[in-house]
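Okay, structure first, notes after.
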Amino acid sequence: MMSDMEAIEAQLRRDIDAAADAGAIEAVRVAALGKAGRITALLKTLGGMTPDERQAKGPAIHALRESVTAAIAERKAAIEAAELEARLATEKLDMTLPADAAPRGSVHPVAQVMDELAEIFADMGFAVATGPEIEDDWHNFTALNIPETHPARAMHDTFYFPNSNAESHAMLLRTHTSPVQIRTMMTQEPPIRIIAPGRVYRSDSDATHTPMFHQVEGLVIDRGIHMGHLKWTLETFLKAYFERDDIVLRLRPSYFPFTEPSAEVDVGYKQEKGRRIVGGNGDDEGHAWMELLGSGMVNRRVIASCGLDPDAWQGFAFGVGVDRLAMLKYGMDDLRAFFDGDLRWLAHYGFGALSIPTLSGGISA
Ligand code: 2NL
């Protein structure tokens, strides 16, 4: 028996010393200590012994199991250390290599222009207001002095939600950002100075109209506001936006139900290499006028709809298409390309994420 165990131990120690890699040492472990291993078999013989026999032979068998287990663990650690050493010696990582080029996104011109507008108007004391794109017809029409029967409602080609009927709380996609201003007048005390930029929707689709487009409206409510404030604000805004001092405005009488009086605002421009360059007097040689904004003094009925006293508070408002502003400044000629999601178009017309417009840095620099 004793010589049996000595033979097993001697053989296992030779196998352990001969194991050259992780697979080999594992095979030795299974052959010795696994379910059908030789030491496991020895341990099983203890079960069939009398207590005296077990007391006599048990300690040696357990000692053998422990010394073989320790020898295997030691050999395994040595093999792992040698394998790591070999990898460190052969595998090299050049930390000075350039990283793989990751695809880089860009800021859409519409987003960039909205940031420019926020920056320009912030400098004049305007806050940015936002609101829901799904509106009810009271905030989108009724509060703006556009009653159910008013022809202006048909003008808007509104997207209504199913089960909307004219009488009861029709839900719709907002046709302008005016409802944001209505909500602001109903929840904030004047004086109010806000711009409301965002997506608006009209059932209209051709080369120059997309069913979704972007608008920014502005609103000032204070005491003693008059059209001089409106004209100065628009002139200051357009000079900052187009980054030139020679912007000339022409105000033409117009009609909107939500303003009285109302004025269409034209700017002078000239055609250069097939592009419209904003600036100069539209009546000058080589120049013409282009309609750019709608504006006016907020209708008393709109002020009253929002729970304010129109004898105490006056205001002006305006609306302008953001997509058109972007096209005029950055020279794109097809509105539909704005919303195609073509990455080549974005690579060409998009802005770097860090080119943040500031007045001090040059608004589009
Ligand atoms: C246009 C015309 C305009 C307004 C929008 C407005 C909003 C309130 C009250 C009164 Cl809450 N007016 N907005 C006023 C005049 C014109 O937009 O041609 N937009 C592209």
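Ordered as shown in the structure tokens, chains take letters A, B, and onward, while each chain numbers its residues from 1 and ligands are numbered from 1 in the order shown.
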
Taking the DSSP assignment computed from this structure's backbone, write out as a compact mmCIF listing (two decimals) with N, CA and C atoms, in the first residue's frame all residues of region 194-348 of chain A that belong to alpha helix (DSSP H).
# COMPACT_ATOMS: atom_id res chain seq x y z
N MET A 227 -44.87 101.33 -32.73
CA MET A 227 -44.23 100.75 -33.91
C MET A 227 -42.77 101.15 -34.06
N GLY A 228 -42.37 102.25 -33.41
CA GLY A 228 -40.95 102.62 -33.42
C GLY A 228 -40.10 101.54 -32.77
N HIS A 229 -40.63 100.98 -31.67
CA HIS A 229 -39.90 99.87 -31.00
C HIS A 229 -39.80 98.66 -31.93
N LEU A 230 -40.90 98.39 -32.63
CA LEU A 230 -40.92 97.26 -33.57
C LEU A 230 -39.85 97.45 -34.65
N LYS A 231 -39.84 98.63 -35.24
CA LYS A 231 -38.93 98.87 -36.36
C LYS A 231 -37.47 98.82 -35.90
N TRP A 232 -37.17 99.43 -34.76
CA TRP A 232 -35.79 99.42 -34.25
C TRP A 232 -35.34 97.98 -33.95
N THR A 233 -36.24 97.20 -33.33
CA THR A 233 -35.89 95.82 -32.95
C THR A 233 -35.59 94.98 -34.19
N LEU A 234 -36.45 95.11 -35.22
CA LEU A 234 -36.23 94.30 -36.43
C LEU A 234 -34.97 94.74 -37.17
N GLU A 235 -34.72 96.04 -37.20
CA GLU A 235 -33.53 96.54 -37.88
C GLU A 235 -32.26 96.07 -37.16
N THR A 236 -32.27 96.16 -35.84
CA THR A 236 -31.11 95.74 -35.04
C THR A 236 -30.87 94.24 -35.19
N PHE A 237 -31.97 93.48 -35.18
CA PHE A 237 -31.88 92.03 -35.36
C PHE A 237 -31.30 91.69 -36.73
N LEU A 238 -31.82 92.30 -37.80
CA LEU A 238 -31.37 91.93 -39.15
C LEU A 238 -29.93 92.35 -39.41
N LYS A 239 -29.51 93.49 -38.84
CA LYS A 239 -28.11 93.91 -38.99
C LYS A 239 -27.18 92.92 -38.29
N ALA A 240 -27.57 92.47 -37.11
CA ALA A 240 -26.73 91.51 -36.38
C ALA A 240 -26.73 90.17 -37.11
N TYR A 241 -27.90 89.74 -37.61
CA TYR A 241 -27.99 88.43 -38.25
C TYR A 241 -27.21 88.39 -39.56
N PHE A 242 -27.39 89.39 -40.41
CA PHE A 242 -26.68 89.38 -41.71
C PHE A 242 -25.29 89.97 -41.61
N ARG A 300 -55.57 94.31 -29.73
CA ARG A 300 -56.14 94.45 -28.37
C ARG A 300 -56.92 93.20 -27.97
N ARG A 301 -57.59 92.61 -28.94
CA ARG A 301 -58.43 91.44 -28.63
C ARG A 301 -57.56 90.26 -28.21
N VAL A 302 -56.33 90.16 -28.76
CA VAL A 302 -55.41 89.08 -28.38
C VAL A 302 -54.91 89.31 -26.95
N ILE A 303 -54.57 90.58 -26.64
CA ILE A 303 -54.12 90.92 -25.29
C ILE A 303 -55.23 90.60 -24.27
N ALA A 304 -56.48 90.95 -24.63
CA ALA A 304 -57.61 90.68 -23.73
C ALA A 304 -57.86 89.18 -23.60
N SER A 305 -57.71 88.41 -24.68
CA SER A 305 -57.88 86.94 -24.63
C SER A 305 -56.98 86.31 -23.59
N VAL A 322 -37.39 80.48 -40.31
CA VAL A 322 -35.98 80.22 -39.98
C VAL A 322 -35.25 79.57 -41.16
N ASP A 323 -35.96 78.68 -41.86
CA ASP A 323 -35.32 77.98 -42.98
C ASP A 323 -34.91 78.98 -44.06
N ARG A 324 -35.80 79.94 -44.30
CA ARG A 324 -35.52 80.97 -45.30
C ARG A 324 -34.35 81.84 -44.85
N LEU A 325 -34.33 82.20 -43.56
CA LEU A 325 -33.21 82.99 -43.03
C LEU A 325 -31.89 82.25 -43.25
N ALA A 326 -31.91 80.93 -43.01
CA ALA A 326 -30.69 80.12 -43.18
C ALA A 326 -30.26 80.11 -44.65
N MET A 327 -31.24 79.91 -45.56
CA MET A 327 -30.92 79.86 -47.00
C MET A 327 -30.30 81.17 -47.47
N LEU A 328 -30.86 82.29 -46.99
CA LEU A 328 -30.38 83.61 -47.43
C LEU A 328 -28.96 83.87 -46.94
N LYS A 329 -28.65 83.41 -45.72
CA LYS A 329 -27.33 83.71 -45.17
C LYS A 329 -26.27 82.73 -45.64
N TYR A 330 -26.64 81.45 -45.78
CA TYR A 330 -25.62 80.43 -46.06
C TYR A 330 -25.69 79.86 -47.48
N LEU A 343 -26.26 62.93 -45.51
CA LEU A 343 -25.07 63.28 -44.73
C LEU A 343 -24.06 64.11 -45.53
N ARG A 344 -24.07 63.95 -46.87
CA ARG A 344 -23.15 64.76 -47.68
C ARG A 344 -23.56 66.22 -47.64
N TRP A 345 -24.88 66.47 -47.68
CA TRP A 345 -25.39 67.85 -47.59
C TRP A 345 -25.01 68.44 -46.22
N LEU A 346 -25.18 67.60 -45.18
CA LEU A 346 -24.85 68.07 -43.82
C LEU A 346 -23.36 68.33 -43.67
N ALA A 347 -22.54 67.47 -44.30
CA ALA A 347 -21.09 67.69 -44.19
C ALA A 347 -20.72 69.02 -44.83
N HIS A 348 -21.45 69.36 -45.92
CA HIS A 348 -21.15 70.61 -46.62
C HIS A 348 -21.69 71.84 -45.89

Problem set entry | Surroundings of ligand 1 up to 10 Å, based on only C-alpha atoms and all ligand atoms, as a PyMOL selection string | chain A and resi 139-140+143-145+176-185+196+214-221+254-265+291-303+306+315-322+324

Exercise. For the atom pair CA of His209 (chain A) and CA of Thr130 (chain A), what is the interatomic distance in Å to one decimal place?
Worked result: 23.2 Å

For this session: Determine, counting only C-alpha atoms, which protein, DNA and RNA residues have an atom within 12 Å of an atom of Ala27 (chain A); residues of the same chain fewer than 3 positions away are not included. Present the result as a PyMOL selection string.
Result: chain A and resi 12+15-16+18-24+30-34+37+72+76

What would the file look like if the residues just selected were written as a compact mmCIF listing (two decimals), in the first residue's frame with C-alpha atoms?
# COMPACT_ATOMS: atom_id res chain seq x y z
CA LEU A 12 2.25 12.58 -10.46
CA ASP A 15 3.69 14.61 -14.74
CA ILE A 16 3.39 17.94 -12.91
CA ALA A 18 6.50 17.88 -17.33
CA ALA A 19 3.30 19.91 -17.84
CA ALA A 20 4.29 22.70 -20.22
CA ASP A 21 1.09 24.71 -20.55
CA ALA A 22 -2.28 25.45 -18.91
CA GLY A 23 -4.02 22.61 -20.78
CA ALA A 24 -1.43 20.03 -19.69
CA VAL A 30 -8.17 15.85 -13.61
CA ALA A 31 -6.13 12.62 -13.71
CA ALA A 32 -5.23 13.00 -10.02
CA LEU A 33 -8.08 14.82 -8.32
CA GLY A 34 -10.98 14.62 -10.80
CA GLY A 37 -8.65 10.51 -10.55
CA ILE A 72 -0.35 21.49 -9.13
CA LYS A 76 -0.07 26.30 -12.69

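Interatomic distance, CA of Thr187 (chain A) to CA of Arg174 (chain A): 19.3 Å.
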
For this session: Identify, with DSSP run on backbone atoms, the residues in region 75-321 of chain A assigned to strand (DSSP E or B), and express the list as JSON, numbers by chain.
Result: {"A": [107, 127, 128, 134, 135, 136, 160, 171, 172, 173, 192, 193, 194, 195, 196, 197, 198, 199, 200, 201, 206, 209, 212, 213, 214, 215, 216, 217, 218, 219, 220, 221, 222, 247, 249, 250, 251, 252, 253, 254, 255, 256, 259, 260, 261, 262, 263, 264, 265, 266, 267, 268, 269, 270, 271, 272, 275, 276, 277, 278, 280, 287, 288, 289, 290, 291, 292, 293, 294, 295, 296, 297, 298, 314, 315, 316, 317, 318, 319, 320, 321]}

Exercise. Which of these, A:Ser364, A:Thr149, A:Ser203, A:Ser67, has the shortest distance to Met114 (chain A) once you count only C-alpha atoms?
Worked result: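 Under the stated criterion, the closest residue is A:Ser364.
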
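Of the listed residues A:Glu26, A:Asp100, A:Glu243, A:Asp333, the one whose atoms come nearest to Ile79 (chain A) is A:Glu26, with distances taken using only C-alpha atoms.
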
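Nearest residue to Ile277 (chain A) among A:Arg252, A:His108, A:Arg87, A:Arg244 is A:Arg244, counting only C-alpha atoms.
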
For this session: Can you work out the spacing between CA of Arg336 (chain A) and CA of Ala111 (chain A) in Å, to one decimal?
Result: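 That distance, rounded to one decimal, is 16.0 Å.
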